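K.L.:
This is target_7.cif (mmCIF, C-alpha atoms).
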```cif
data_protein
loop_
_atom_site.label_atom_id
_atom_site.label_comp_id
_atom_site.auth_asym_id
_atom_site.auth_seq_id
_atom_site.Cartn_x
_atom_site.Cartn_y
_atom_site.Cartn_z
CA MET A 195 0.00 0.00 0.00
CA THR A 196 1.41 3.38 -0.99
CA VAL A 197 1.43 6.49 1.20
CA ASN A 198 -1.34 8.01 -0.95
CA ASP A 199 -3.45 4.89 -0.57
CA LEU A 200 -2.98 5.03 3.18
CA LEU A 201 -3.98 8.70 3.32
CA ILE A 202 -7.01 8.13 1.14
CA SER A 203 -8.13 5.22 3.27
CA LYS A 204 -8.18 7.47 6.33
CA VAL A 205 -10.32 10.21 4.69
CA PRO A 206 -13.89 9.85 5.96
CA GLU A 207 -16.50 9.26 3.29
CA ILE A 208 -18.30 12.61 3.39
CA ASP A 209 -20.43 13.95 0.56
CA GLN A 210 -18.39 16.89 -0.79
CA SER A 211 -20.81 17.86 -3.54
CA MET A 212 -22.35 21.34 -3.44
CA SER A 213 -25.12 23.12 -5.23
CA ILE A 214 -25.11 26.80 -6.15
CA ALA A 215 -27.40 27.40 -3.19
CA ASP A 216 -24.97 25.54 -0.91
CA ILE A 217 -22.12 27.80 -2.10
CA ARG A 218 -24.25 30.88 -1.39
CA ASP A 219 -25.52 29.74 2.01
CA ASP A 220 -22.39 28.01 3.28
CA ILE A 221 -19.11 29.20 1.73
CA ALA A 222 -20.20 32.73 0.77
CA ALA A 223 -22.14 33.35 3.99
CA ARG A 224 -19.36 32.07 6.26
CA ALA A 225 -16.68 34.03 4.39
CA LEU A 226 -18.77 37.22 4.57
CA ASN A 227 -19.32 36.74 8.30
CA MET A 228 -15.59 36.32 8.83
CA LEU A 229 -14.87 39.46 6.82
CA GLU A 230 -17.32 41.39 8.97
CA LEU A 231 -15.47 40.19 12.09
CA VAL A 232 -12.16 41.30 10.56
CA ARG A 233 -13.59 44.70 9.68
CA ALA A 234 -15.00 45.11 13.19
CA THR A 235 -11.53 44.45 14.57
CA MET A 236 -9.64 46.63 12.10
CA LEU A 237 -12.00 49.58 11.80
CA GLU A 238 -13.34 51.24 14.91
CA PRO A 239 -15.91 52.61 15.22
CA TYR A 240 -17.28 50.18 12.67
CA PRO A 241 -16.89 50.56 9.82
CA ARG A 242 -15.25 53.96 9.40
CA LYS A 243 -11.64 54.88 8.85
CA HIS A 244 -9.88 58.00 10.07
CA PRO A 245 -7.64 60.33 8.03
CA PRO A 246 -3.95 60.63 8.91
CA THR A 247 -2.32 63.53 10.73
CA PHE A 248 0.76 65.46 9.64
CA THR A 249 3.74 67.10 11.33
CA ALA A 250 5.08 70.54 10.49
CA ALA A 251 7.91 68.84 8.61
CA ASN A 252 5.37 66.88 6.54
CA ILE A 253 3.50 70.09 5.70
CA ALA A 254 6.70 71.90 4.70
CA ALA A 255 7.83 68.99 2.50
CA MET A 256 4.48 68.72 0.73
CA CYS A 257 4.28 72.48 0.18
CA GLY A 258 7.91 72.75 -0.95
CA PHE A 259 9.34 75.26 1.52
CA ASP A 260 11.69 75.22 4.50
CA LYS A 261 10.08 74.38 7.82
CA GLN A 262 11.53 77.58 9.30
CA ARG A 263 9.16 79.63 7.10
CA MET A 264 6.03 78.15 8.65
CA LYS A 265 5.69 80.77 11.39
CA TYR A 266 5.91 83.59 8.84
CA LEU A 267 3.48 81.92 6.43
CA THR A 268 1.07 81.13 9.25
CA THR A 269 0.76 84.83 10.01
CA LYS A 270 0.80 86.02 6.39
CA HIS A 271 -1.94 83.69 5.15
CA ASN A 272 -3.75 83.13 8.46
CA LEU A 273 -3.06 79.39 8.20
CA PRO A 274 -3.77 76.62 10.76
CA ILE A 275 -1.20 76.37 13.56
CA GLY A 276 -1.77 72.70 14.36
CA THR A 277 -2.68 71.04 17.65
CA GLN A 278 -0.40 70.24 20.61
CA THR A 279 -1.02 66.58 21.47
CA GLY A 280 0.80 66.68 24.80
CA ALA A 281 3.46 68.42 26.84
CA GLY A 282 6.75 68.56 24.98
CA ARG A 283 5.32 66.98 21.85
CA ALA A 284 5.34 68.47 18.37
CA LYS A 285 2.17 69.92 16.93
CA VAL A 286 0.16 67.84 14.51
CA PHE A 287 -2.07 68.97 11.67
CA SER A 288 -5.28 67.30 10.50
CA LEU A 289 -5.71 66.32 6.86
CA GLU A 290 -8.06 69.25 6.38
CA GLU A 291 -5.48 71.65 7.87
CA ALA A 292 -2.77 70.16 5.63
CA LEU A 293 -4.94 70.70 2.56
CA THR A 294 -5.52 74.31 3.63
CA TRP A 295 -1.74 74.82 3.74
CA ILE A 296 -1.29 73.19 0.35
CA LYS A 297 -4.01 75.27 -1.28
CA ALA A 298 -2.57 78.51 0.12
CA THR A 299 1.06 77.87 -0.86
CA THR A 300 0.97 75.70 -3.99
CA ASN A 301 2.54 76.88 -7.23
CA ARG A 302 1.08 74.05 -9.28
CA THR A 303 -1.00 74.77 -12.36
CA GLN A 304 -4.64 75.11 -11.41
CA ARG A 305 -7.53 73.88 -13.50
CA THR A 306 -9.61 76.88 -14.55
CA GLU A 307 -13.30 77.15 -15.27
CA GLY A 308 -14.21 75.65 -18.60
CA VAL A 309 -11.25 73.22 -18.57
CA ARG A 310 -12.44 69.74 -17.69
CA GLY A 311 -10.86 67.34 -15.23
CA ARG A 312 -8.82 64.40 -16.48
CA VAL A 313 -9.34 60.66 -16.01
CA VAL A 314 -6.70 58.01 -15.29
CA ALA A 315 -7.53 54.29 -15.31
CA PHE A 316 -5.52 51.58 -13.55
CA ALA A 317 -5.87 48.37 -15.51
CA ASN A 318 -4.47 44.86 -15.77
CA PHE A 319 -5.91 41.48 -16.79
CA LYS A 320 -4.63 39.79 -13.66
CA GLY A 321 -5.61 40.14 -10.05
CA GLY A 322 -3.02 40.38 -7.29
CA VAL A 323 -0.86 42.95 -9.07
CA ALA A 324 -1.46 45.77 -6.53
CA LYS A 325 -3.81 47.53 -8.95
CA THR A 326 -6.32 48.58 -6.31
CA SER A 327 -3.83 49.61 -3.64
CA THR A 328 -1.93 51.65 -6.24
CA SER A 329 -5.02 53.40 -7.59
CA VAL A 330 -6.37 54.29 -4.13
CA SER A 331 -2.93 55.46 -2.96
CA VAL A 332 -2.54 57.68 -6.03
CA ALA A 333 -6.03 59.12 -5.52
CA GLN A 334 -5.12 59.99 -1.92
CA ARG A 335 -1.79 61.51 -2.90
CA LEU A 336 -3.34 63.63 -5.66
CA THR A 337 -5.48 65.37 -3.05
CA LEU A 338 -2.22 66.34 -1.33
CA PHE A 339 -1.37 68.35 -4.45
CA GLY A 340 -4.51 70.36 -3.79
CA ARG A 341 -6.72 68.44 -6.22
CA LYS A 342 -10.34 67.46 -5.82
CA VAL A 343 -10.42 63.78 -6.76
CA LEU A 344 -13.13 61.27 -7.58
CA LEU A 345 -12.28 57.57 -7.21
CA ILE A 346 -14.50 55.17 -9.15
CA ASP A 347 -14.52 51.53 -8.12
CA ALA A 348 -15.43 49.65 -11.30
CA ASP A 349 -14.41 46.24 -9.92
CA PRO A 350 -17.32 44.12 -8.60
CA GLN A 351 -15.00 42.81 -5.88
CA GLY A 352 -15.19 46.26 -4.29
CA SER A 353 -11.64 46.30 -2.94
CA ALA A 354 -11.19 50.04 -3.54
CA THR A 355 -14.49 50.58 -1.75
CA GLN A 356 -13.11 48.61 1.19
CA LEU A 357 -9.97 50.75 1.29
CA CYS A 358 -12.17 53.84 1.40
CA GLY A 359 -13.89 52.56 4.54
CA TYR A 360 -17.13 51.11 3.17
CA ALA A 361 -18.21 47.47 3.24
CA PRO A 362 -19.34 46.25 -0.20
CA ASP A 363 -22.59 44.24 -0.11
CA ALA A 364 -23.09 45.03 3.60
CA GLU A 365 -23.37 48.81 2.99
CA ILE A 366 -23.38 49.16 -0.79
CA THR A 367 -26.32 48.14 -2.96
CA ASP A 368 -26.56 47.99 -6.75
CA ALA A 369 -28.26 51.41 -6.68
CA ASP A 370 -25.09 52.93 -5.20
CA THR A 371 -22.81 51.72 -7.99
CA LEU A 372 -22.39 52.27 -11.73
CA LEU A 373 -25.33 49.96 -12.41
CA PRO A 374 -28.19 52.54 -12.60
CA LEU A 375 -26.18 54.38 -15.26
CA ILE A 376 -25.55 51.14 -17.13
CA TYR A 377 -29.22 50.13 -16.93
CA GLY A 378 -30.16 53.53 -18.35
CA ASP A 379 -32.03 54.62 -15.21
CA GLU A 380 -29.66 57.57 -14.60
CA ALA A 381 -28.26 60.09 -17.10
CA ASP A 382 -25.03 60.81 -15.25
CA LEU A 383 -23.07 59.58 -12.23
CA ARG A 384 -23.86 62.31 -9.69
CA TYR A 385 -26.35 60.01 -7.94
CA ALA A 386 -23.57 57.59 -6.92
CA VAL A 387 -20.96 60.01 -5.50
CA ARG A 388 -20.32 59.84 -1.76
CA GLU A 389 -17.77 61.40 0.55
CA THR A 390 -15.01 59.36 2.19
CA TYR A 391 -13.03 59.77 5.39
CA TRP A 392 -10.32 61.45 3.28
CA LYS A 393 -11.22 65.07 2.52
CA ASN A 394 -11.39 66.02 -1.18
CA LEU A 395 -11.53 62.34 -2.13
CA ASP A 396 -15.03 61.23 -3.14
CA LEU A 397 -16.03 57.72 -4.15
CA ILE A 398 -18.37 55.90 -6.48
CA PRO A 399 -18.43 52.49 -4.79
CA ALA A 400 -18.82 48.94 -6.05
CA CYS A 401 -20.26 45.66 -4.83
CA ASN A 402 -20.80 42.18 -6.26
CA ALA A 403 -23.99 43.28 -8.02
CA LEU A 404 -21.87 45.33 -10.42
CA GLN A 405 -21.09 42.06 -12.20
CA ASP A 406 -24.60 42.34 -13.67
CA SER A 407 -23.22 44.99 -16.03
CA GLU A 408 -21.75 42.17 -18.13
CA TYR A 409 -25.31 41.01 -18.85
CA ALA A 410 -27.00 44.41 -18.96
CA ILE A 411 -24.70 45.89 -21.61
CA PRO A 412 -25.21 43.08 -24.17
CA SER A 413 -28.98 43.39 -23.65
CA HIS A 414 -28.75 47.04 -24.72
CA ILE A 415 -26.89 45.97 -27.85
CA LEU A 416 -29.56 43.39 -28.71
CA GLY A 417 -32.22 46.07 -28.37
CA ASP A 418 -30.38 48.68 -30.44
CA THR A 419 -27.50 47.77 -32.74
CA ARG A 420 -26.41 51.43 -32.81
CA PHE A 421 -26.13 51.62 -29.02
CA GLU A 422 -22.68 52.94 -28.01
CA PHE A 423 -21.97 50.30 -25.38
CA TRP A 424 -18.36 51.46 -25.03
CA ASN A 425 -19.29 55.03 -24.07
CA ILE A 426 -21.74 54.48 -21.20
CA ILE A 427 -19.29 55.50 -18.47
CA LYS A 428 -17.81 58.31 -20.59
CA TYR A 429 -21.19 59.96 -21.10
CA GLY A 430 -22.14 59.44 -17.46
CA LEU A 431 -18.85 60.85 -16.21
CA ASP A 432 -18.50 63.88 -18.51
CA PRO A 433 -20.78 66.22 -16.46
CA LEU A 434 -18.74 65.49 -13.30
CA LEU A 435 -15.47 66.56 -14.93
CA GLU A 436 -16.48 70.16 -14.32
CA GLU A 437 -16.47 69.46 -10.56
CA TYR A 438 -13.38 67.25 -10.18
CA ASP A 439 -9.79 67.96 -11.13
CA MET A 440 -8.95 64.30 -11.54
CA VAL A 441 -10.81 61.00 -11.65
CA VAL A 442 -9.06 57.74 -10.76
CA ILE A 443 -10.73 54.48 -11.85
CA ASP A 444 -9.94 51.00 -10.55
CA THR A 445 -10.91 48.39 -13.16
CA PRO A 446 -11.86 44.70 -12.97
CA PRO A 447 -9.03 42.21 -13.66
CA ALA A 448 -10.46 41.31 -17.08
CA LEU A 449 -11.05 42.92 -20.46
CA SER A 450 -14.81 43.02 -19.96
CA TYR A 451 -17.54 45.37 -21.18
CA LEU A 452 -16.97 47.33 -17.99
CA THR A 453 -13.19 47.57 -18.46
CA THR A 454 -13.62 48.57 -22.11
CA ASN A 455 -15.98 51.35 -20.98
CA VAL A 456 -13.46 52.61 -18.42
CA LEU A 457 -10.55 52.57 -20.86
CA MET A 458 -12.56 54.45 -23.47
CA ALA A 459 -13.55 57.06 -20.86
CA ALA A 460 -9.97 57.46 -19.64
CA ASP A 461 -7.46 60.12 -20.68
CA ALA A 462 -4.54 58.00 -19.45
CA ILE A 463 -3.79 54.38 -18.53
CA ILE A 464 -1.45 53.04 -15.85
CA MET A 465 -0.76 49.31 -15.74
CA PRO A 466 0.57 48.06 -12.37
CA LEU A 467 2.78 45.09 -13.24
CA PRO A 468 4.81 42.77 -10.99
CA PRO A 469 8.01 41.54 -12.69
CA GLU A 470 6.94 37.91 -12.87
CA ALA A 471 7.02 35.85 -16.07
CA LEU A 472 3.29 35.05 -16.12
CA ASP A 473 2.34 38.63 -15.29
CA PHE A 474 4.55 39.92 -18.10
CA ALA A 475 3.01 37.44 -20.57
CA SER A 476 -0.48 38.49 -19.47
CA SER A 477 0.38 42.16 -19.94
CA THR A 478 1.30 41.59 -23.58
CA GLN A 479 -2.03 39.86 -24.15
CA PHE A 480 -3.85 42.75 -22.48
CA TRP A 481 -2.49 45.39 -24.83
CA GLN A 482 -3.01 43.22 -27.89
CA MET A 483 -6.59 42.34 -27.02
CA PHE A 484 -7.53 45.87 -25.96
CA SER A 485 -6.12 47.40 -29.13
CA GLU A 486 -8.01 44.85 -31.23
CA VAL A 487 -11.31 45.40 -29.40
CA ALA A 488 -11.00 49.20 -29.26
CA GLY A 489 -9.70 49.38 -32.82
CA ARG A 490 -13.00 48.00 -34.12
CA LEU A 491 -15.07 50.69 -32.40
CA PRO A 492 -16.40 53.65 -34.44
CA ARG A 493 -14.07 56.66 -34.51
CA ALA A 494 -11.37 54.67 -32.71
CA GLU A 495 -8.71 56.49 -34.73
CA ASN A 496 -9.68 59.72 -32.93
CA LYS A 497 -9.04 58.35 -29.44
CA ARG A 498 -5.83 59.72 -27.90
CA TYR A 499 -4.40 59.11 -24.43
CA ASP A 500 -2.38 61.75 -22.61
CA PHE A 501 -0.01 59.00 -21.50
CA VAL A 502 0.17 55.22 -21.08
CA ASN A 503 2.65 53.82 -18.57
CA ILE A 504 3.78 50.62 -16.88
CA PHE A 505 4.33 50.82 -13.12
CA MET A 506 6.21 47.89 -11.62
CA THR A 507 4.83 46.65 -8.30
CA LYS A 508 5.68 43.91 -5.78
CA VAL A 509 9.28 43.91 -6.96
CA ARG A 510 11.45 41.33 -5.19
CA PRO A 511 15.27 41.43 -4.98
CA PHE A 512 15.80 38.11 -6.76
CA ASP A 513 17.76 37.36 -9.91
CA ALA A 514 14.67 35.94 -11.62
CA SER A 515 12.74 39.13 -10.87
CA LYS A 516 15.59 41.25 -12.23
CA GLY A 517 15.52 39.23 -15.42
CA VAL A 518 11.81 39.88 -15.93
CA GLN A 519 12.35 43.56 -15.12
CA GLY A 520 14.73 43.56 -18.08
CA TRP A 521 12.07 42.01 -20.31
CA ILE A 522 9.54 44.63 -19.21
CA ARG A 523 11.93 47.52 -19.89
CA LYS A 524 12.87 46.14 -23.32
CA ALA A 525 9.24 45.53 -24.23
CA TYR A 526 7.82 48.85 -23.04
CA GLY A 527 10.84 51.14 -23.21
CA ASP A 528 10.31 54.66 -21.91
CA ARG A 529 6.75 53.85 -20.91
CA VAL A 530 8.09 51.96 -17.88
CA PHE A 531 8.02 54.29 -14.89
CA PRO A 532 11.57 54.59 -13.46
CA LEU A 533 10.60 53.86 -9.84
CA HIS A 534 8.89 50.74 -8.54
CA VAL A 535 7.16 49.54 -5.37
CA PRO A 536 9.10 46.78 -3.58
CA ASP A 537 7.37 43.68 -2.30
CA SER A 538 7.05 44.16 1.44
CA LYS A 539 5.57 42.39 4.44
CA VAL A 540 4.80 45.82 5.84
CA GLN A 541 2.73 46.62 2.77
CA HIS A 542 0.88 43.31 3.05
CA ALA A 543 0.18 44.04 6.71
CA ALA A 544 -1.17 47.48 5.82
CA LEU A 545 -3.56 46.01 3.25
CA GLY A 546 -4.53 43.36 5.79
CA ALA A 547 -5.62 46.24 8.00
CA LEU A 548 -7.57 47.70 5.04
CA SER A 549 -5.12 50.60 4.77
CA THR A 550 -2.82 52.15 2.20
CA ILE A 551 0.68 53.48 2.79
CA TYR A 552 -0.80 56.97 3.24
CA ASP A 553 -3.00 55.73 6.08
CA GLN A 554 0.00 54.37 7.95
CA LYS A 555 2.30 55.91 10.57
CA ARG A 556 6.05 55.93 10.12
CA LEU A 557 7.10 55.68 13.76
CA ASP A 558 8.95 52.68 15.20
CA VAL A 559 6.65 52.66 18.22
CA ASP A 560 3.41 54.61 18.27
CA THR A 561 1.95 56.29 21.33
CA ASP A 562 -0.37 53.33 21.94
CA GLY A 563 2.63 51.01 22.19
CA GLU A 564 1.97 49.21 18.91
CA THR A 565 4.92 48.59 16.61
CA ARG A 566 4.75 50.47 13.32
CA MET A 567 6.90 50.51 10.24
CA THR A 568 10.24 52.28 10.47
CA GLY A 569 10.88 55.56 8.71
CA GLU A 570 13.10 53.80 6.17
CA GLN A 571 10.41 51.22 5.33
CA TYR A 572 7.80 53.94 5.09
CA GLU A 573 9.81 56.08 2.69
CA ARG A 574 10.81 53.08 0.56
CA LEU A 575 7.16 52.23 0.01
CA LYS A 576 5.87 55.78 -0.26
CA ALA A 577 8.52 57.36 -2.52
CA PRO A 578 7.54 55.55 -5.76
CA LEU A 579 3.84 56.29 -5.17
CA ASP A 580 4.67 59.94 -4.46
CA ALA A 581 6.64 60.07 -7.70
CA LEU A 582 3.94 58.35 -9.78
CA SER A 583 1.29 60.70 -8.40
CA GLU A 584 3.44 63.72 -9.16
CA PHE A 585 4.04 62.43 -12.69
CA ILE A 586 0.28 62.06 -13.25
CA ASP A 587 -0.38 65.52 -11.82
CA ASP A 588 2.37 67.08 -13.95
CA GLN A 589 1.10 65.43 -17.13
CA PHE A 590 -2.48 66.56 -16.59
CA SER A 591 -1.30 70.04 -15.60
CA ARG A 592 0.48 70.29 -18.97
CA VAL A 593 -2.74 69.34 -20.73
CA TRP A 594 -4.62 72.08 -18.87
CA SER A 595 -1.94 74.61 -19.80
CA LYS A 596 -2.10 73.64 -23.48
CA GLN A 597 -5.89 73.95 -23.47
CA LEU A 598 -5.62 77.44 -21.98
CA GLU A 599 -3.07 78.42 -24.63
CA VAL A 600 -5.41 77.25 -27.40
CA GLU A 601 -8.36 79.18 -25.94
CA THR A 602 -6.35 82.39 -25.56
#
```
Take the structure in the file and give it back as structure tokens.

P.N.:
Amino acid sequence: MTVNDLLISKVPEIDQSMSIADIRDDIAARALNMLELVRATMLEPYPRKHPPTFTAANIAAMCGFDKQRMKYLTTKHNLPIGTQTGAGRAKVFSLEEALTWIKATTNRTQRTEGVRGRVVAFANFKGGVAKTSTSVSVAQRLTLFGRKVLLIDADPQGSATQLCGYAPDAEITDADTLLPLIYGDEADLRYAVRETYWKNLDLIPACNALQDSEYAIPSHILGDTRFEFWNIIKYGLDPLLEEYDMVVIDTPPALSYLTTNVLMAADAIIMPLPPEALDFASSTQFWQMFSEVAGRLPRAENKRYDFVNIFMTKVRPFDASKGVQGWIRKAYGDRVFPLHVPDSKVQHAALGALSTIYDQKRLDVDTDGETRMTGEQYERLKAPLDALSEFIDDQFSRVWSKQLEVET
């Protein structure tokens, strides 16, 4: 008798078959209950998150001036002075106070009336590539350039919604998502916008029901062969671009009707891509398939993107990873962003706590005695996301400037 035979002989004869109803009532229900317990532990008071605080040094760095000027600027512009958290401790500034400082001191190009906001989509065929964490982090960071940002969760899994402090399915219904627009019940997306815990970052959430879009869109096509199924989100989003400087969209990990809609509504595309062989192979298929699908759409030759870039994520310091990094750079050339996000246990822990790097604290030991990431770890994870966000902001600022030049 082999080892396998022995193991099999000891397995009790239990009926392992399951119906769809069993999956819904057993696996799905138990998993959802466990997630609710996790959320209750991670997010207090349930289910809300809290924005970060900033030091004077953080404010000075974000605004681009020496910390010694803060006292002068505080008086000159009547700016917030921060809050003393205890005897002998440095003052801290709330997110809202930080944004007030940024707005008062920024020298970045501002979007003027009549110039619409711009849209960037984060897309990849595969899941697990840090697409959602990257898109939410960038959306947060763009607000710290003084921008008003809308984040759209177009992934039925609702991970971006989770990172914004809402529980998909428990708190979000189909009426709160893109679905009413897709069904044709709403003319634009204003109905779905909600505030988040992060000031100047609004959200259009997602939940599992959003998967119904993959059935609703074909039904429109059957009813009207001239129906522009690829422009549903574009037409629904256009009126909101007068209110928001930038829109960040997290897409499903598939080239679906929904993803095609997002990519056709976008002004720019960022592909988060881990340097792994299978991920690289999948990325090549993504671009080929998208170009074929989009190329068959009416007026496709008129579609132009402000930029399309590859952003390497989850980069590990192994020889095999370095080899694939070489493939990626040779394949995509200058479109590969020069900085990358390293694979990190700290990052995984942050996501496990339903947080991004911008939600985290950089102290070795926090005031509550809990161990946090070190300053070095924090900067190593944050620096590439800072740089990517600044690149996006710079590119869109140039577009605004060109539009102003044309109008004048």

K.L.:
Name the residues captured by the PyMOL selection byres ((chain A and resi 488-501) around 10) when it is applied to the shown file; answer as a PyMOL selection string.

P.N.:
chain A and resi 312-314+422-424+454-455+457-464+483-487+502-503+529+586+589-590+592-593

K.L.:
Show which residues sit within 9 Å of A:Ser353, as a compact mmCIF listing (two decimals) with C-alpha atoms, in the coordinates of the input. Count all atoms listed in the file, and ignore same-chain residues fewer than 6 positions away.

P.N.:
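What landed in around.txt:
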```txt
# COMPACT_ATOMS: atom_id res chain seq x y z
CA THR A 326 -6.32 48.58 -6.31
CA SER A 327 -3.83 49.61 -3.64
CA ASP A 347 -14.52 51.53 -8.12
CA PRO A 362 -19.34 46.25 -0.20
CA ALA A 400 -18.82 48.94 -6.05
CA CYS A 401 -20.26 45.66 -4.83
```

K.L.:
Nearest to A:Thr299: which of A:Ile275, A:Ala364, A:Met264, A:Leu357 is it, counting all atoms listed in the file?

P.N.:
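Nearest candidate to A:Thr299 out of A:Ile275, A:Ala364, A:Met264, A:Leu357: A:Met264.
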
K.L.:
For the provided coordinates, the residues matched by the PyMOL selection byres ((chain A and resi 296) around 9) should be stated as a count of residues only.

P.N.:
15

K.L.:
Please indicate the distance in Å from atom CA of A:Arg283 to atom CA of A:Pro246, rounded to one decimal place.

P.N.:
17.1 Å

K.L.:
Given the file above and the PyMOL selection byres ((chain A and resi 336) around 10), which residues are selected, and can you give them as a PyMOL selection string?

P.N.:
chain A and resi 330-335+337-343+394-395+439-442+580+582-584+586-587

K.L.:
Would you please work out which residue, of A:Ala250, A:Met465, A:Ile398, A:Leu273, is nearest to A:Ile346 when using all atoms listed in the file?

P.N.:
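Among the listed residues, A:Ile398 lies closest to A:Ile346.
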
K.L.:
I need the residue nearest A:Val530 from this list: A:Val518, A:Leu383, A:Ile504, A:Ile551. Use all atoms listed in the file for the distance.

P.N.:
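Once distances to A:Val530 are computed over all atoms listed in the file, the minimum belongs to A:Ile504.
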
K.L.:
Using all atoms listed in the file, pick whichever of A:His271, A:Lys393, A:Phe287, A:Gln482 has the shortest atom-to-atom distance to A:Asn252.

P.N.:
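That would be A:Phe287, the residue with the smallest distance to A:Asn252.
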
K.L.:
Calculated over all atoms listed in the file, which of the candidates A:Pro446, A:Gly321, A:Pro412, A:Pro374 has the smallest distance to A:Pro350?

P.N.:
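Answer, going by the shortest atom-to-atom distance: A:Pro446.
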
K.L.:
Work out how far apart atom CA of A:Phe585 and atom CA of A:Arg302 are and give it in Å to one decimal.

P.N.:
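Atom CA of A:Arg302 lies at a distance of 12.5 Å from atom CA of A:Phe585.
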